[in-house]
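J.: Structure: data.cif, mmCIF, C-alpha atoms.
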```
data_coords
#
loop_
_atom_site.label_atom_id
_atom_site.label_comp_id
_atom_site.auth_asym_id
_atom_site.auth_seq_id
_atom_site.Cartn_x
_atom_site.Cartn_y
_atom_site.Cartn_z
CA MET A 1 73.76 -41.01 -62.43
CA ARG A 2 74.25 -38.06 -64.79
CA ILE A 3 73.74 -34.44 -63.71
CA GLY A 4 70.19 -34.32 -65.11
CA GLU A 5 69.18 -37.31 -63.02
CA LEU A 6 70.86 -35.80 -59.95
CA SER A 7 68.76 -32.70 -60.56
CA ARG A 8 65.52 -34.67 -60.85
CA GLU A 9 66.35 -36.77 -57.80
CA THR A 10 66.99 -33.73 -55.57
CA GLY A 11 64.80 -31.05 -57.14
CA VAL A 12 67.87 -28.80 -57.45
CA SER A 13 68.28 -27.24 -60.90
CA VAL A 14 71.23 -28.22 -63.09
CA ALA A 15 72.37 -24.57 -63.05
CA SER A 16 72.44 -24.59 -59.23
CA ILE A 17 74.28 -27.92 -59.16
CA LYS A 18 76.92 -26.50 -61.53
CA TYR A 19 77.18 -23.41 -59.34
CA TYR A 20 77.74 -25.51 -56.20
CA LEU A 21 80.37 -27.54 -58.07
CA ARG A 22 82.17 -24.36 -59.15
CA GLU A 23 81.97 -22.90 -55.65
CA GLY A 24 83.41 -26.06 -54.13
CA LEU A 25 80.36 -26.94 -52.03
CA LEU A 26 79.68 -30.14 -53.96
CA PRO A 27 82.56 -32.52 -54.78
CA ALA A 28 83.12 -33.20 -58.46
CA GLY A 29 81.57 -36.31 -59.95
CA GLU A 30 83.58 -39.15 -61.43
CA LEU A 31 84.58 -38.19 -64.99
CA THR A 32 83.33 -40.71 -67.54
CA SER A 33 84.37 -38.65 -70.57
CA PRO A 34 86.08 -35.25 -70.92
CA ASN A 35 82.76 -33.43 -70.41
CA GLN A 36 80.55 -35.89 -68.62
CA ALA A 37 80.58 -36.94 -64.99
CA ARG A 38 78.79 -39.51 -62.91
CA TYR A 39 77.27 -38.75 -59.52
CA GLY A 40 76.23 -41.03 -56.69
CA ALA A 41 74.27 -41.28 -53.46
CA ALA A 42 76.84 -39.13 -51.64
CA HIS A 43 76.11 -36.27 -54.05
CA VAL A 44 72.38 -36.60 -53.42
CA ARG A 45 72.94 -36.41 -49.68
CA ARG A 46 75.38 -33.51 -49.99
CA LEU A 47 72.97 -31.52 -52.19
CA ARG A 48 70.19 -31.96 -49.63
CA LEU A 49 72.56 -30.76 -46.92
CA ILE A 50 73.63 -27.73 -49.01
CA ARG A 51 70.01 -26.72 -49.61
CA ALA A 52 69.14 -27.16 -45.94
CA LEU A 53 72.06 -25.00 -44.83
CA ILE A 54 71.43 -22.24 -47.38
CA ASP A 55 67.65 -22.21 -47.91
CA VAL A 56 66.44 -23.21 -44.48
CA GLY A 57 69.43 -22.24 -42.33
CA GLY A 58 70.08 -18.96 -44.13
CA LEU A 59 73.83 -19.50 -44.60
CA SER A 60 75.72 -17.62 -47.27
CA ILE A 61 77.63 -19.58 -49.92
CA ALA A 62 80.84 -18.73 -48.06
CA GLY A 63 79.37 -19.86 -44.74
CA ALA A 64 78.15 -23.13 -46.26
CA ARG A 65 81.54 -23.72 -47.89
CA ASP A 66 83.26 -23.23 -44.56
CA VAL A 67 81.10 -25.69 -42.61
CA LEU A 68 81.15 -28.26 -45.43
CA ALA A 69 84.94 -28.06 -45.51
CA ALA A 70 84.86 -28.96 -41.81
CA VAL A 71 82.62 -31.95 -42.60
CA ASP A 72 85.04 -33.18 -45.29
CA ASP A 73 88.34 -32.52 -43.55
CA GLU A 74 89.10 -35.41 -41.21
CA THR A 75 91.74 -33.38 -39.38
CA VAL A 76 89.06 -30.96 -38.12
CA SER A 77 87.95 -32.05 -34.66
CA LEU A 78 84.31 -32.17 -33.56
CA TYR A 79 85.09 -29.23 -31.29
CA ASP A 80 86.44 -27.10 -34.14
CA ALA A 81 83.57 -28.10 -36.41
CA LEU A 82 81.15 -26.93 -33.71
CA GLY A 83 82.94 -23.59 -33.63
CA ARG A 84 82.76 -23.28 -37.43
CA ALA A 85 79.03 -23.97 -37.45
CA GLN A 86 78.47 -21.41 -34.70
CA ALA A 87 80.53 -18.83 -36.57
CA ALA A 88 78.64 -19.46 -39.83
CA VAL A 89 75.32 -18.40 -38.30
CA MET A 90 76.72 -15.16 -36.89
CA THR A 91 77.22 -11.89 -38.70
CA ARG A 92 80.83 -10.89 -39.27
CA THR A 93 81.50 -7.29 -38.49
CA ASP A 94 84.33 -4.82 -38.68
CA ALA A 95 85.41 -3.45 -35.35
CA VAL A 96 85.06 0.28 -34.84
CA GLU A 97 87.23 1.57 -32.03
CA ASP A 98 85.17 4.14 -30.15
CA ASP A 99 83.71 4.72 -26.70
CA ALA A 100 80.60 2.66 -27.50
CA THR A 101 82.82 -0.32 -28.39
CA GLU A 102 84.82 0.11 -25.22
CA ARG A 103 81.66 0.15 -23.09
CA ALA A 104 80.29 -2.86 -25.00
CA GLU A 105 83.52 -4.82 -24.39
CA LYS A 106 83.32 -4.04 -20.71
CA ALA A 107 79.64 -5.03 -20.45
CA LEU A 108 80.26 -8.32 -22.25
CA ALA A 109 83.37 -9.19 -20.24
CA GLU A 110 81.51 -8.47 -17.01
CA MET A 111 78.57 -10.63 -18.06
CA VAL A 112 80.88 -13.54 -18.95
CA GLU A 113 82.72 -13.16 -15.64
CA ARG A 114 79.51 -12.82 -13.63
CA ARG A 115 77.97 -15.93 -15.18
CA GLY A 116 81.18 -17.96 -15.16
CA TRP A 117 81.10 -18.76 -18.87
CA ILE A 118 84.13 -20.61 -20.18
CA THR A 119 84.69 -18.61 -23.35
CA SER A 120 87.04 -15.92 -24.57
CA GLU A 121 87.64 -13.16 -27.11
CA ARG A 122 88.66 -15.94 -29.51
CA ASN A 123 85.06 -17.11 -29.80
CA PRO A 124 83.67 -15.46 -32.95
CA GLY A 125 80.54 -14.59 -30.98
CA TRP A 126 82.56 -12.30 -28.73
CA ARG A 127 83.44 -9.83 -31.49
CA THR A 128 79.93 -9.97 -32.93
CA ALA A 129 78.31 -9.42 -29.53
CA VAL A 130 80.55 -6.42 -28.86
CA ASP A 131 79.71 -4.90 -32.25
CA VAL A 132 75.99 -5.49 -31.83
CA LEU A 133 75.97 -3.91 -28.36
CA ALA A 134 78.02 -0.93 -29.57
CA THR A 135 75.83 -0.48 -32.65
CA LEU A 136 72.71 -0.58 -30.50
CA GLU A 137 74.15 2.17 -28.31
CA ARG A 138 75.04 4.30 -31.33
CA LEU A 139 71.52 3.96 -32.75
CA GLY A 140 69.58 4.57 -29.56
CA GLY A 141 68.86 0.92 -28.82
CA GLU A 142 70.32 0.91 -25.29
CA ARG A 143 67.24 -0.79 -23.89
CA VAL A 144 67.81 -3.81 -26.13
CA ALA A 145 71.53 -3.80 -25.24
CA GLY A 146 70.35 -3.83 -21.63
CA LEU A 147 68.82 -7.26 -22.26
CA LEU A 148 72.30 -8.84 -22.36
CA ASP A 149 71.73 -10.82 -19.18
CA VAL A 150 68.18 -11.77 -20.17
CA TYR A 151 69.49 -13.23 -23.42
CA ALA A 152 72.48 -14.83 -21.68
CA GLU A 153 70.26 -16.53 -19.11
CA ALA A 154 67.96 -17.92 -21.80
CA LEU A 155 70.85 -19.26 -23.88
CA GLU A 156 72.50 -20.73 -20.81
CA ALA A 157 69.32 -22.77 -20.28
CA VAL A 158 69.29 -23.89 -23.92
CA ALA A 159 73.00 -24.62 -24.56
CA PRO A 160 73.38 -27.85 -22.53
CA HIS A 161 70.41 -29.37 -24.39
CA GLU A 162 71.83 -28.25 -27.73
CA VAL A 163 75.28 -29.66 -27.07
CA SER A 164 73.73 -32.97 -25.99
CA ALA A 165 71.53 -33.02 -29.08
CA VAL A 166 74.26 -32.36 -31.64
CA ILE A 167 77.13 -34.40 -30.22
CA ASP A 168 77.09 -38.05 -31.06
CA ALA A 169 79.67 -40.76 -31.04
CA GLY A 170 79.01 -42.27 -34.46
CA GLU A 171 81.14 -42.32 -37.59
CA ARG A 172 82.97 -39.00 -37.93
CA GLU A 173 81.64 -37.59 -41.20
CA ARG A 174 77.98 -38.25 -40.38
CA SER A 175 78.47 -36.95 -36.83
CA VAL A 176 79.95 -33.68 -38.05
CA GLU A 177 77.20 -33.40 -40.68
CA ARG A 178 74.52 -33.84 -38.05
CA MET A 179 76.22 -31.38 -35.70
CA VAL A 180 76.53 -28.70 -38.36
CA THR A 181 72.91 -29.25 -39.43
CA GLY A 182 71.70 -29.05 -35.83
CA ILE A 183 73.58 -25.87 -35.00
CA VAL A 184 72.61 -24.06 -38.21
CA LEU A 185 68.97 -25.16 -38.30
CA GLY A 186 68.63 -24.72 -34.55
CA GLY A 187 69.53 -21.06 -35.10
CA ALA A 188 66.83 -20.74 -37.76
CA LEU A 189 64.32 -22.38 -35.42
CA ILE A 190 65.20 -19.91 -32.65
CA ALA A 191 64.64 -16.94 -35.00
CA ALA A 192 61.27 -18.33 -36.13
CA LEU A 193 60.01 -19.11 -32.63
CA ARG A 194 61.24 -15.73 -31.40
CA GLY A 195 58.93 -13.97 -33.87
CA MET A 196 56.02 -16.11 -32.73
CA ALA A 197 56.75 -15.56 -29.03
CA GLU A 198 57.03 -11.80 -29.56
CA GLN A 199 53.75 -11.74 -31.46
CA SER A 200 52.11 -13.66 -28.64
CA VAL A 201 53.41 -11.23 -26.01
CA SER A 202 52.44 -8.14 -27.98
CA ALA A 203 48.98 -9.58 -28.75
CA ARG A 204 48.47 -10.21 -25.04
CA ARG A 205 49.68 -6.73 -24.20
CA PHE A 206 48.13 -4.62 -26.95
CA GLY A 207 45.15 -6.71 -28.05
CA PRO A 208 44.72 -9.37 -30.71
CA PRO A 209 46.42 -9.03 -34.09
CA PRO A 210 44.65 -6.82 -36.63
CA PRO A 211 42.76 -8.62 -39.42
CA ASP A 212 45.58 -8.13 -41.92
CA PRO A 213 48.63 -10.39 -41.65
CA ALA A 214 51.30 -8.97 -39.39
CA ALA A 215 53.82 -9.48 -42.14
CA PRO A 216 53.48 -9.19 -45.89
CA GLU A 217 52.06 -12.37 -47.34
CA GLU A 218 54.28 -14.34 -49.60
CA SER A 219 53.32 -13.77 -53.18
CA GLY A 220 52.22 -16.80 -55.16
CA MET B 1 76.40 18.00 -48.42
CA ARG B 2 77.48 16.28 -51.65
CA ILE B 3 77.77 12.50 -52.00
CA GLY B 4 81.55 12.54 -51.36
CA GLU B 5 81.05 14.33 -48.06
CA LEU B 6 78.24 11.94 -47.12
CA SER B 7 80.68 9.11 -47.79
CA ARG B 8 83.41 10.66 -45.60
CA GLU B 9 80.93 11.46 -42.83
CA THR B 10 79.59 7.89 -42.64
CA GLY B 11 82.54 5.80 -43.80
CA VAL B 12 80.32 4.24 -46.49
CA SER B 13 81.88 4.22 -49.98
CA VAL B 14 80.32 6.33 -52.76
CA ALA B 15 79.73 3.12 -54.74
CA SER B 16 77.76 1.63 -51.84
CA ILE B 17 75.76 4.84 -51.37
CA LYS B 18 74.84 4.78 -55.07
CA TYR B 19 73.87 1.13 -54.74
CA TYR B 20 71.58 1.85 -51.78
CA LEU B 21 70.03 4.75 -53.73
CA ARG B 22 69.37 2.49 -56.73
CA GLU B 23 67.96 -0.27 -54.51
CA GLY B 24 65.61 2.17 -52.81
CA LEU B 25 67.10 1.79 -49.33
CA LEU B 26 68.30 5.40 -49.19
CA PRO B 27 65.96 8.20 -50.31
CA ALA B 28 67.25 10.37 -53.17
CA GLY B 29 68.99 13.61 -52.27
CA GLU B 30 67.69 17.01 -53.31
CA LEU B 31 68.72 17.63 -56.93
CA THR B 32 70.79 20.80 -57.27
CA SER B 33 71.65 20.21 -60.92
CA PRO B 34 70.74 17.44 -63.40
CA ASN B 35 73.52 15.20 -62.09
CA GLN B 36 74.26 16.51 -58.64
CA ALA B 37 72.29 16.04 -55.43
CA ARG B 38 72.51 17.38 -51.91
CA TYR B 39 72.20 15.15 -48.84
CA GLY B 40 71.41 16.02 -45.23
CA ALA B 41 71.45 14.73 -41.66
CA ALA B 42 68.56 12.36 -42.40
CA HIS B 43 70.72 10.62 -45.02
CA VAL B 44 73.57 10.25 -42.56
CA ARG B 45 71.22 8.66 -40.03
CA ARG B 46 69.62 6.41 -42.63
CA LEU B 47 73.00 5.21 -43.91
CA ARG B 48 74.06 4.28 -40.38
CA LEU B 49 70.81 2.37 -39.97
CA ILE B 50 71.27 0.57 -43.31
CA ARG B 51 74.79 -0.52 -42.36
CA ALA B 52 73.64 -1.67 -38.93
CA LEU B 53 70.83 -3.77 -40.40
CA ILE B 54 72.96 -5.32 -43.14
CA ASP B 55 76.47 -5.57 -41.68
CA VAL B 56 75.67 -6.16 -38.03
CA GLY B 57 72.13 -7.55 -38.24
CA GLY B 58 72.86 -9.74 -41.27
CA LEU B 59 69.80 -8.68 -43.29
CA SER B 60 69.73 -9.11 -47.05
CA ILE B 61 69.19 -6.05 -49.25
CA ALA B 62 65.59 -7.20 -49.77
CA GLY B 63 65.08 -7.65 -46.03
CA ALA B 64 66.52 -4.21 -45.28
CA ARG B 65 64.36 -2.65 -48.01
CA ASP B 66 61.27 -4.22 -46.50
CA VAL B 67 61.87 -2.99 -42.94
CA LEU B 68 62.97 0.48 -44.11
CA ALA B 69 59.77 0.75 -46.16
CA ALA B 70 57.89 0.10 -42.91
CA VAL B 71 59.87 2.88 -41.22
CA ASP B 72 59.00 5.34 -43.99
CA ASP B 73 55.35 4.41 -44.57
CA GLU B 74 53.22 6.20 -42.00
CA THR B 75 50.26 3.92 -42.72
CA VAL B 76 52.22 0.92 -41.36
CA SER B 77 51.31 0.42 -37.70
CA LEU B 78 53.88 -0.31 -35.01
CA TYR B 79 52.38 -3.81 -34.81
CA ASP B 80 52.90 -4.45 -38.52
CA ALA B 81 56.39 -2.98 -38.44
CA LEU B 82 57.24 -5.39 -35.61
CA GLY B 83 56.04 -8.27 -37.80
CA ARG B 84 58.11 -7.06 -40.73
CA ALA B 85 61.26 -6.84 -38.61
CA GLN B 86 60.64 -10.33 -37.24
CA ALA B 87 60.10 -11.69 -40.74
CA ALA B 88 63.28 -10.04 -42.04
CA VAL B 89 65.48 -12.00 -39.62
CA MET B 90 63.94 -15.36 -40.53
CA THR B 91 64.79 -17.53 -43.48
CA ARG B 92 62.05 -17.86 -46.10
CA THR B 93 61.54 -21.36 -47.26
CA ASP B 94 59.49 -23.22 -49.82
CA ALA B 95 57.05 -25.67 -48.34
CA VAL B 96 57.53 -29.30 -49.25
CA GLU B 97 54.42 -31.37 -48.67
CA ASP B 98 55.53 -34.68 -47.23
CA ASP B 99 55.13 -36.73 -44.07
CA ALA B 100 57.95 -34.89 -42.31
CA THR B 101 56.16 -31.57 -42.93
CA GLU B 102 52.90 -33.00 -41.65
CA ARG B 103 54.56 -34.23 -38.46
CA ALA B 104 56.33 -30.88 -38.04
CA GLU B 105 53.06 -28.98 -38.40
CA LYS B 106 51.47 -31.17 -35.78
CA ALA B 107 54.39 -30.77 -33.35
CA LEU B 108 54.39 -27.00 -33.75
CA ALA B 109 50.61 -26.63 -33.40
CA GLU B 110 50.68 -28.79 -30.27
CA MET B 111 53.48 -26.73 -28.75
CA VAL B 112 51.61 -23.47 -29.44
CA GLU B 113 48.42 -24.93 -27.95
CA ARG B 114 50.21 -26.38 -24.92
CA ARG B 115 51.97 -23.11 -24.13
CA GLY B 116 48.95 -20.91 -24.91
CA TRP B 117 50.82 -18.74 -27.42
CA ILE B 118 48.66 -16.17 -29.22
CA THR B 119 49.98 -16.69 -32.73
CA SER B 120 48.87 -18.40 -35.90
CA GLU B 121 49.92 -19.85 -39.25
CA ARG B 122 49.93 -16.27 -40.54
CA ASN B 123 53.02 -15.46 -38.48
CA PRO B 124 55.98 -15.89 -40.87
CA GLY B 125 57.78 -17.79 -38.11
CA TRP B 126 55.19 -20.54 -38.29
CA ARG B 127 56.09 -21.59 -41.84
CA THR B 128 59.81 -21.29 -41.14
CA ALA B 129 59.57 -23.32 -37.93
CA VAL B 130 57.65 -26.08 -39.73
CA ASP B 131 60.21 -26.20 -42.52
CA VAL B 132 63.14 -26.25 -40.10
CA LEU B 133 61.61 -29.07 -38.06
CA ALA B 134 60.78 -31.08 -41.20
CA THR B 135 64.26 -30.50 -42.66
CA LEU B 136 65.85 -31.62 -39.40
CA GLU B 137 63.84 -34.82 -39.52
CA ARG B 138 64.82 -35.47 -43.15
CA LEU B 139 68.52 -35.00 -42.34
CA GLY B 140 68.66 -37.04 -39.15
CA GLY B 141 68.49 -34.07 -36.76
CA GLU B 142 65.47 -35.31 -34.79
CA ARG B 143 67.23 -34.67 -31.50
CA VAL B 144 67.51 -30.96 -32.30
CA ALA B 145 63.87 -30.91 -33.48
CA GLY B 146 63.07 -32.44 -30.09
CA LEU B 147 64.33 -29.23 -28.45
CA LEU B 148 61.22 -27.38 -29.64
CA ASP B 149 59.89 -26.89 -26.12
CA VAL B 150 63.33 -26.03 -24.73
CA TYR B 151 63.66 -23.26 -27.32
CA ALA B 152 60.05 -22.15 -26.83
CA GLU B 153 60.48 -21.86 -23.07
CA ALA B 154 63.65 -19.79 -23.44
CA LEU B 155 62.05 -17.42 -25.95
CA GLU B 156 58.94 -17.12 -23.83
CA ALA B 157 61.16 -15.83 -21.03
CA VAL B 158 62.88 -13.36 -23.37
CA ALA B 159 59.95 -12.04 -25.43
CA PRO B 160 58.24 -9.85 -22.78
CA HIS B 161 61.54 -8.06 -22.12
CA GLU B 162 62.13 -7.61 -25.85
CA VAL B 163 58.68 -6.20 -26.52
CA SER B 164 59.09 -3.77 -23.59
CA ALA B 165 62.52 -2.75 -24.83
CA VAL B 166 61.53 -2.05 -28.43
CA ILE B 167 58.12 -0.45 -27.98
CA ASP B 168 58.19 3.23 -27.15
CA ALA B 169 55.64 5.97 -27.35
CA GLY B 170 57.74 8.63 -29.04
CA GLU B 171 57.48 10.17 -32.48
CA ARG B 172 56.44 7.47 -35.00
CA GLU B 173 59.37 7.33 -37.40
CA ARG B 174 62.03 7.20 -34.68
CA SER B 175 59.99 4.67 -32.70
CA VAL B 176 59.69 2.34 -35.68
CA GLU B 177 63.39 2.83 -36.44
CA ARG B 178 64.33 1.87 -32.90
CA MET B 179 61.98 -1.10 -32.92
CA VAL B 180 63.34 -2.45 -36.19
CA THR B 181 66.92 -1.93 -34.98
CA GLY B 182 66.18 -3.67 -31.70
CA ILE B 183 64.51 -6.70 -33.26
CA VAL B 184 67.14 -7.17 -35.96
CA LEU B 185 70.20 -6.55 -33.77
CA GLY B 186 68.66 -8.48 -30.89
CA GLY B 187 68.57 -11.48 -33.23
CA ALA B 188 72.26 -11.03 -34.05
CA LEU B 189 73.06 -10.75 -30.34
CA ILE B 190 71.20 -14.00 -29.62
CA ALA B 191 73.19 -15.82 -32.33
CA ALA B 192 76.49 -14.49 -30.97
CA LEU B 193 75.74 -15.32 -27.34
CA ARG B 194 74.44 -18.75 -28.35
CA GLY B 195 77.85 -19.62 -29.80
CA MET B 196 79.56 -18.44 -26.61
CA ALA B 197 77.14 -20.34 -24.34
CA GLU B 198 77.58 -23.53 -26.39
CA GLN B 199 81.36 -23.19 -26.23
CA SER B 200 81.14 -22.74 -22.48
CA VAL B 201 78.99 -25.86 -22.06
CA SER B 202 81.16 -27.99 -24.32
CA ALA B 203 84.34 -26.76 -22.63
CA ARG B 204 82.86 -27.72 -19.26
CA ARG B 205 81.81 -31.10 -20.60
CA PHE B 206 84.74 -32.08 -22.80
CA GLY B 207 87.62 -30.06 -21.38
CA PRO B 208 89.06 -26.65 -22.23
CA PRO B 209 89.30 -25.47 -25.83
CA PRO B 210 92.34 -26.63 -27.78
CA PRO B 211 95.12 -24.08 -28.29
CA ASP B 212 94.52 -21.26 -30.77
CA PRO B 213 95.43 -22.60 -34.23
CA ALA B 214 96.89 -19.18 -35.03
CA ALA B 215 99.24 -19.37 -32.07
CA PRO B 216 102.61 -21.12 -32.37
CA GLU B 217 102.21 -24.81 -31.63
CA GLU B 218 103.51 -26.17 -28.38
CA SER B 219 106.34 -28.58 -28.85
CA GLY B 220 106.02 -32.17 -27.72
#
```
Could you quickly redo this structure as structure tokens?

T.:
Amino acid sequence: MRIGELSRETGVSVASIKYYLREGLLPAGELTSPNQARYGAAHVRRLRLIRALIDVGGLSIAGARDVLAAVDDETVSLYDALGRAQAAVMTRTDAVEDDATERAEKALAEMVERRGWITSERNPGWRTAVDVLATLERLGGERVAGLLDVYAEALEAVAPHEVSAVIDAGERERSVERMVTGIVLGGALIAALRGMAEQSVSARRFGPPPPDPAAPEESG
Amino acid sequence: MRIGELSRETGVSVASIKYYLREGLLPAGELTSPNQARYGAAHVRRLRLIRALIDVGGLSIAGARDVLAAVDDETVSLYDALGRAQAAVMTRTDAVEDDATERAEKALAEMVERRGWITSERNPGWRTAVDVLATLERLGGERVAGLLDVYAEALEAVAPHEVSAVIDAGERERSVERMVTGIVLGGALIAALRGMAEQSVSARRFGPPPPDPAAPEESG
């Protein structure tokens, strides 16, 4: 099909399709003339995956490019692809070397040791967790930083189910696709349910929600 | 202080400061001449907060603007500010009306009913959760969508601690600031620890992580 048909089929605008082609998220179509290309079912599927990762999963273009490269590159193992998907949903931060960072590193290392987690400073989450904890301390959010073990315990309960749900033994490309989708969208689901759970707790504690929506309503 | 000093004091470039001023994230300084302004301690604190929300918390400019507006607007209640912070860390999606969406709505409503959560369709998480579940179904991620109760149970355990940690009875502006910081950075901490917990589980299940790709390869 031509690009216009690909757009109609997926509901993604031609401008967006051209952008994804330029950014290397979507493989080029088969050239049928110097300025016309033909696209197929694989492009339809890839476009749906791109939109899911970006619109629903909240990935940046760079994050989506990185996980899609893992899907396409047969030399990337399932294990590495899992790591890429995890990294894509985390914020990347610049380390600041100060006392707050030192204390955060110590708190994180002690938590990992205490809970017997098999992970290391090489996991991208390690650096992010240290920076979040240190930033919380700098901004007066020590009580949230103090929830480290509460969060760790909850994620420890969730992780075995997640790994079971995203790992499958099928054909490589589809398996990696499904894993990446599961990890990225699972993160978005956690954020959404977290807001609902917090609303429920605060409603129980402080009374029912006021008549106005708790968050600004989406405009038209 | 002048803008250059504000930049040195916070480590934020003058260009970025001007961008935040234009985007309404940072209040204007006090004009001392038609093209020179003076900034104070409140600007230093606000800049640190902006960087924490964006760089560490992963908020978009629009998301940061929305939560900072809640900090500054004294008519916004703590409850509403909590909702705004929760909404800022979620992806916003466009509803697609199809069978997958209908099934997702039903699954979510049943989970909320079963667990007795005090929340409603007005919570921004509701729409996002429905769209994530429906997208997972469309892309073959039903097994991750099936973790709805696993996620809900984990967040139910976390939410009371989070609400206690972010609510405080101090002076309004600082309280809202701390709440917003806690909710946004707490979300970033969850994402980071999730990646570490998943690595730990998969290492336990499938063997230790492969050698660091950056490290020299072992011979043989």

J.: Near Asp73 of chain A, counting only C-alpha atoms, which residues have an atom at most 12 Å away, once you skip same-chain residues fewer than 5 positions from it, shown as a PyMOL selection string?

T.: chain A and resi 65-68+78+80-81+172-173+176-177

J.: Excluding segment 114-122 of chain A and any residue of its chain fewer than 4 positions from it, enumerate the residues within 10 Å of it, using all atoms listed in the file, and give them as an MDAnalysis selection string.

T.: (chainID A and resid 105 108:110 126:127 130 149 152:153 156) or (chainID B and resid 195:204 208:209 212)

J.: Interatomic distance between atom CA of Leu189 of chain B and atom CA of Arg84 of chain A?

T.: 17.4 Å

J.: What would the selection look like, as an NGL selection string, if the PyMOL selection byres ((chain A and resi 91-96) around 12) were run on the coordinates I just shared?

T.: (:A and (58-60 or 62-63 or 86-90 or 97-102 or 104-105 or 124-135 or 138)) or (:B and (11 or 51-60 or 89 or 184-185 or 187-193 or 195))

J.: Could you superimpose chain A onto chain B using all C-alpha atoms, paired one by one in order, and tell me the resulting RMSD in Å?

T.: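 Across the paired C-alpha atoms, the RMSD reaches 3.4 Å.
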
J.: Give as a PyMOL selection string the set of residues within 12 Å of the point (71.6, -33.0, -69.3), where distances use the file's coordinates and all atoms listed in the file.

T.: chain A and resi 1-8+13-15+17-18+35-38

J.: Within 9 Å of Leu25 of chain A, counting only C-alpha atoms, which residues qualify if same-chain residues fewer than 6 places away don't, as a PyMOL selection string?

T.: chain A and resi 19+46-47+50+61+64-66+68-69

J.: With 6 Å added on each side, what axis-aligned box encloses every listed atom of segment 128-140 of chain A? Give the centre and edge lengths in Å to one decimal, as AutoDock Vina command-line options.

T.:
```
--center_x 75.1 --center_y -2.7 --center_z -30.6 --size_x 23.0 --size_y 26.5 --size_z 16.6
```

J.: So that I can see what lies close to Val166 of chain B, please list as a short mmCIF file (atom, residue, chain, number, x, y, z; two decimals) with C-alpha atoms, in the frame of the given file the residues with an atom at most 12 Å from it, counting all atoms listed in the file and leaving out residues fewer than 4 positions away in the same chain.

T.:
```cif
data_model
loop_
_atom_site.label_atom_id
_atom_site.label_comp_id
_atom_site.auth_asym_id
_atom_site.auth_seq_id
_atom_site.Cartn_x
_atom_site.Cartn_y
_atom_site.Cartn_z
CA LEU A 136 72.71 -0.58 -30.50
CA GLY A 140 69.58 4.57 -29.56
CA GLY A 141 68.86 0.92 -28.82
CA GLU A 142 70.32 0.91 -25.29
CA ARG A 143 67.24 -0.79 -23.89
CA VAL A 144 67.81 -3.81 -26.13
CA ALA A 145 71.53 -3.80 -25.24
CA GLY A 146 70.35 -3.83 -21.63
CA LEU A 147 68.82 -7.26 -22.26
CA GLU A 198 57.03 -11.80 -29.56
CA SER A 202 52.44 -8.14 -27.98
CA LEU B 78 53.88 -0.31 -35.01
CA TYR B 79 52.38 -3.81 -34.81
CA ALA B 81 56.39 -2.98 -38.44
CA LEU B 82 57.24 -5.39 -35.61
CA ALA B 85 61.26 -6.84 -38.61
CA ALA B 159 59.95 -12.04 -25.43
CA PRO B 160 58.24 -9.85 -22.78
CA HIS B 161 61.54 -8.06 -22.12
CA GLU B 162 62.13 -7.61 -25.85
CA GLY B 170 57.74 8.63 -29.04
CA ARG B 174 62.03 7.20 -34.68
CA SER B 175 59.99 4.67 -32.70
CA VAL B 176 59.69 2.34 -35.68
CA GLU B 177 63.39 2.83 -36.44
CA ARG B 178 64.33 1.87 -32.90
CA MET B 179 61.98 -1.10 -32.92
CA VAL B 180 63.34 -2.45 -36.19
CA THR B 181 66.92 -1.93 -34.98
CA GLY B 182 66.18 -3.67 -31.70
CA ILE B 183 64.51 -6.70 -33.26
CA VAL B 184 67.14 -7.17 -35.96
CA LEU B 185 70.20 -6.55 -33.77
CA GLY B 186 68.66 -8.48 -30.89
#
```

J.: Looking at only C-alpha atoms, which of A:Leu31, A:Leu49, A:Ala169, A:Ala70 is the one that sits closest to chain B?

T.: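 Smallest distance to chain B is found for A:Leu49.
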
J.: Which residue is closest to chain B? Choose from A:Arg205, A:Lys106, A:Arg22, A:Arg194 and count all atoms listed in the file.

T.: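 So, comparing all the options, the nearest one is A:Arg194.
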
J.: Hey, can you check how far atom CA of Val163 of chain B sits from atom CA of Ala107 of chain B?

T.: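 The value is 25.9 Å.
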
J.: Atom CA of Arg48 of chain B to atom CA of Gly24 of chain B: how many Å, to one decimal?

T.: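 Taking atom CA of Arg48 of chain B as the start and atom CA of Gly24 of chain B as the end point, the length is 15.2 Å.
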